[in-house]
Structure formats: C-alpha cells, structure tokens
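**Q** The structure's right below; bear with me while I get my questions together.
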Amino acid sequence: MFRIMIVYGAIAGVITIALMSLDMMLGDGTGSQVQGYLTMLVVLSLIFVGIKRYRDKELGGVIKFLPAFGLGFGIAAVAGVFYVLSWEASLQLTDFAWMENYKQSAIEGYEAKGLTGDALAEKTEALEAMMVNYRNPLIRLPITFLEIFPVGLLVALISAALLRNPKVLPAKA
C-alpha cells in the first residue's frame, strides 16, 4: 500500500507541475485558476487508479471505505509534497520570475478594469506585500501544498465511495 502511495502520488505531483509549467512557458505566465484546478483534477484521477489497482490486485476486488480513503489520502499527500518540491525547483531555476510575471499581469488587469491613481497604487502595494511574503518559505510551502491537497482529498473521497462497491469497475478474471 505504501508503494502505491509513493508511486501514484509522485507521478501525479510531477505531471501536474510539469503541465502547469508548460502552460506558463507557452502562455503569458499566469494561466487561469480554472485551468490549473482542472489540470489537477484530471491528473489526480491517478488516486482512483491507485485505489482500484490496490483493491483489485492486492485485496481480490474488495475494499472498505476507510482503507480506500486512507490510500487516497496518502496518494494526495505524496502528490502534494512532489508538487511543492517541483514548484520550488521551478522557482529556483527561474529566479522567482513567476512572481514578477504574476504582479505585472495583475497590474495590467487592474488597469484594464479602469483603476488609476490611488486605487491602483493601493493594489500595487498589496501585490508588493504579497511578493515579500511569498519569498518566505514558511509561508510559500504550505500555500503551495494547499493548492493541490484539497483537490486530492476530494478525489480520494469520491474514489473511496465508488470503489468500496466491488461492482464498480470489477477486476477482470
């Protein structure tokens, strides 16, 4: 079970950050939040695959909800750790360029909405404060982990609920 957590979690975490990094390199560097979370959701379907594999290969096609959820929780946690490590490597390799791109994109968005003068200066100040905080790993690491982990928990919950029923995608004989 531990091996499945590590393998499927590592694959999910690395694929998620690879796809998001690719999007940031090919796009304008910001990507949409909806697109990012949809990517996570699709890649974290590996939680379902991991639980099903464990149920079918190790347990003879039957698993209870709590062990299934526990396995899904573990895969989500490992995926979160690999996501954080991959994101940290990306930040270091680009010398935190993402932060400046994000700030410029946000300012352009505010200007497009018609913000000027004091209102724009206030938003820019808030972005600067966010960037200072984001440089602190004690703030950045948990924030990054919490980007992906809740999505993984949701997938684990749904997967465990479905796969506890041996009639859902039964193992082939």
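FYI, nothing fancy with the structure tokens labels: chains A, B, ... in order, residues from 1 per chain, ligands from 1 as they appear.
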Neighbouring residues of region 145-153 of chain A were defined as those with any atom within 6 Å, considering only C-alpha atoms; residues of the same chain fewer than 3 positions away were excluded. Please report them as an NGL selection string.
**A** :A and (76 or 80 or 84 or 142 or 156)
**Q** Dump C-alpha atoms for the selected residues as a compact mmCIF listing (two decimals), in the first residue's frame?
**A**
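Final file, again-v7.txt:
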# COMPACT_ATOMS: atom_id res chain seq x y z
CA ALA A 76 -2.90 13.02 -2.33
CA GLY A 80 1.19 17.48 -2.70
CA VAL A 84 5.68 21.55 -3.70
CA PRO A 142 2.10 25.49 2.97
CA ALA A 156 -9.90 10.40 -2.65
**Q** Among region 60-147 of chain A, which residues carry a DSSP assignment of helix (DSSP H, G or I), reported as a VMD selection string?
**A** chain A and resid 65 to 93 97 to 112 117 to 134 137 to 147
**Q** With only C-alpha atoms counted and 12 Å as the cut-off, give the residues of region 72-170 of chain A in contact with region 44-61 of chain A, each with its shortest interatomic distance in Å and the pair that gives it, as a tab-separated table.
**A**
residue	atom	partner	partner_atom	distance
A:Gly72	CA	A:Ile47	CA	5.5
A:Phe73	CA	A:Ile47	CA	8.5
A:Gly74	CA	A:Ile47	CA	9.1
A:Ile75	CA	A:Ile47	CA	6.2
A:Ala76	CA	A:Ile47	CA	7.2
A:Ala77	CA	A:Ile47	CA	10.7
A:Val78	CA	A:Ile47	CA	10.7
A:Ala79	CA	A:Leu44	CA	8.2
A:Gly80	CA	A:Leu44	CA	10.3
A:Tyr83	CA	A:Leu44	CA	11.5
A:Ile148	CA	A:Leu44	CA	9.0
A:Phe149	CA	A:Leu44	CA	9.8
A:Pro150	CA	A:Leu44	CA	10.8
A:Val151	CA	A:Leu44	CA	7.8
A:Gly152	CA	A:Leu44	CA	6.1
A:Leu153	CA	A:Ile47	CA	9.4
A:Leu154	CA	A:Leu44	CA	9.7
A:Val155	CA	A:Ser45	CA	6.8
A:Ala156	CA	A:Ile47	CA	6.2
A:Leu157	CA	A:Phe48	CA	9.6
A:Ile158	CA	A:Phe48	CA	8.5
A:Ser159	CA	A:Phe48	CA	5.2
A:Ala160	CA	A:Ile51	CA	7.5
A:Ala161	CA	A:Phe48	CA	10.4
A:Leu162	CA	A:Phe48	CA	9.1
A:Leu163	CA	A:Lys52	CA	6.7
A:Arg164	CA	A:Arg55	CA	8.7
A:Asn165	CA	A:Gly61	CA	9.2
A:Pro166	CA	A:Gly61	CA	6.1
A:Lys167	CA	A:Gly61	CA	9.0
A:Val168	CA	A:Lys52	CA	9.6
A:Leu169	CA	A:Lys52	CA	8.4
A:Pro170	CA	A:Gly61	CA	6.7
**Q** Go ahead and save the residues from that selection, with C-alpha atoms, as a PDB file, in the first residue's frame.
**A**
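Output saved as selection-v6.pdb:
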ATOM      1  CA  GLY A  72      -6.311   8.047  -1.481  1.00  0.00           C
ATOM      2  CA  PHE A  73      -5.329  10.446   1.313  1.00  0.00           C
ATOM      3  CA  GLY A  74      -1.766   9.106   1.175  1.00  0.00           C
ATOM      4  CA  ILE A  75      -1.553   9.448  -2.595  1.00  0.00           C
ATOM      5  CA  ALA A  76      -2.900  13.021  -2.333  1.00  0.00           C
ATOM      6  CA  ALA A  77      -0.342  13.874   0.371  1.00  0.00           C
ATOM      7  CA  VAL A  78       2.563  12.460  -1.656  1.00  0.00           C
ATOM      8  CA  ALA A  79       1.295  14.282  -4.757  1.00  0.00           C
ATOM      9  CA  GLY A  80       1.191  17.484  -2.702  1.00  0.00           C
ATOM     10  CA  TYR A  83       4.045  19.304  -6.316  1.00  0.00           C
ATOM     11  CA  ILE A 148      -3.332  20.737  -4.650  1.00  0.00           C
ATOM     12  CA  PHE A 149      -4.100  18.766  -1.474  1.00  0.00           C
ATOM     13  CA  PRO A 150      -7.817  19.675  -1.094  1.00  0.00           C
ATOM     14  CA  VAL A 151      -8.414  18.613  -4.705  1.00  0.00           C
ATOM     15  CA  GLY A 152      -6.699  15.308  -3.917  1.00  0.00           C
ATOM     16  CA  LEU A 153      -8.862  14.852  -0.815  1.00  0.00           C
ATOM     17  CA  LEU A 154     -11.998  15.382  -2.867  1.00  0.00           C
ATOM     18  CA  VAL A 155     -10.860  12.830  -5.451  1.00  0.00           C
ATOM     19  CA  ALA A 156      -9.896  10.398  -2.654  1.00  0.00           C
ATOM     20  CA  LEU A 157     -13.308  10.773  -1.026  1.00  0.00           C
ATOM     21  CA  ILE A 158     -15.218  10.189  -4.261  1.00  0.00           C
ATOM     22  CA  SER A 159     -12.914   7.325  -5.304  1.00  0.00           C
ATOM     23  CA  ALA A 160     -13.254   5.574  -1.942  1.00  0.00           C
ATOM     24  CA  ALA A 161     -17.032   5.949  -2.046  1.00  0.00           C
ATOM     25  CA  LEU A 162     -17.216   4.468  -5.535  1.00  0.00           C
ATOM     26  CA  LEU A 163     -14.620   1.724  -5.229  1.00  0.00           C
ATOM     27  CA  ARG A 164     -15.932   0.315  -1.954  1.00  0.00           C
ATOM     28  CA  ASN A 165     -18.584  -1.229  -4.171  1.00  0.00           C
ATOM     29  CA  PRO A 166     -16.963  -4.250  -5.871  1.00  0.00           C
ATOM     30  CA  LYS A 167     -19.451  -3.926  -8.749  1.00  0.00           C
ATOM     31  CA  VAL A 168     -17.894  -0.601  -9.809  1.00  0.00           C
ATOM     32  CA  LEU A 169     -15.328  -1.475 -12.462  1.00  0.00           C
ATOM     33  CA  PRO A 170     -14.814  -5.038 -11.211  1.00  0.00           C
TER      34      PRO A 170
END
**Q** Residues within 12 Å of Arg140 (chain A), please, as a list in words. Count only C-alpha atoms; anything in the same chain fewer than 4 positions from it doesn't count.
**A**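 With the cut-off at 12 Å, the set is Val84, Leu85, Trp87, Glu88, Leu91, Phe96, Met99, Met130, Met131, Val132, Asn133, Tyr134, Arg135, Asn136, Thr144, Phe145, Leu146 and Glu147 of chain A.
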**Q** Just to be explicit: take each residue in the selection above, keep C-alpha atoms, and write the result as a compact mmCIF listing (two decimals), in the first residue's frame.
**A**
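Wrote it out as selection00.txt, contents follow:
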# COMPACT_ATOMS: atom_id res chain seq x y z
CA VAL A 84 5.68 21.55 -3.70
CA LEU A 85 9.17 20.21 -4.44
CA TRP A 87 7.30 24.14 -7.76
CA GLU A 88 10.25 25.06 -5.54
CA LEU A 91 11.04 28.91 -8.74
CA PHE A 96 11.34 33.59 -8.97
CA MET A 99 6.25 36.32 -9.15
CA MET A 130 2.28 39.54 -1.17
CA MET A 131 5.56 39.12 -3.06
CA VAL A 132 7.56 39.77 0.11
CA ASN A 133 5.51 37.17 1.97
CA TYR A 134 5.78 34.70 -0.91
CA ARG A 135 9.58 34.82 -0.72
CA ASN A 136 9.33 33.38 2.81
CA THR A 144 1.64 25.65 -2.42
CA PHE A 145 0.71 22.38 -0.69
CA LEU A 146 -2.82 23.68 -0.06
CA GLU A 147 -3.26 24.43 -3.76
**Q** Which of these residues is nearest to Met25 (chain A), using only C-alpha atoms: A:Thr116, A:Thr124, A:Thr94, A:Ser105?
**A** A:Thr94
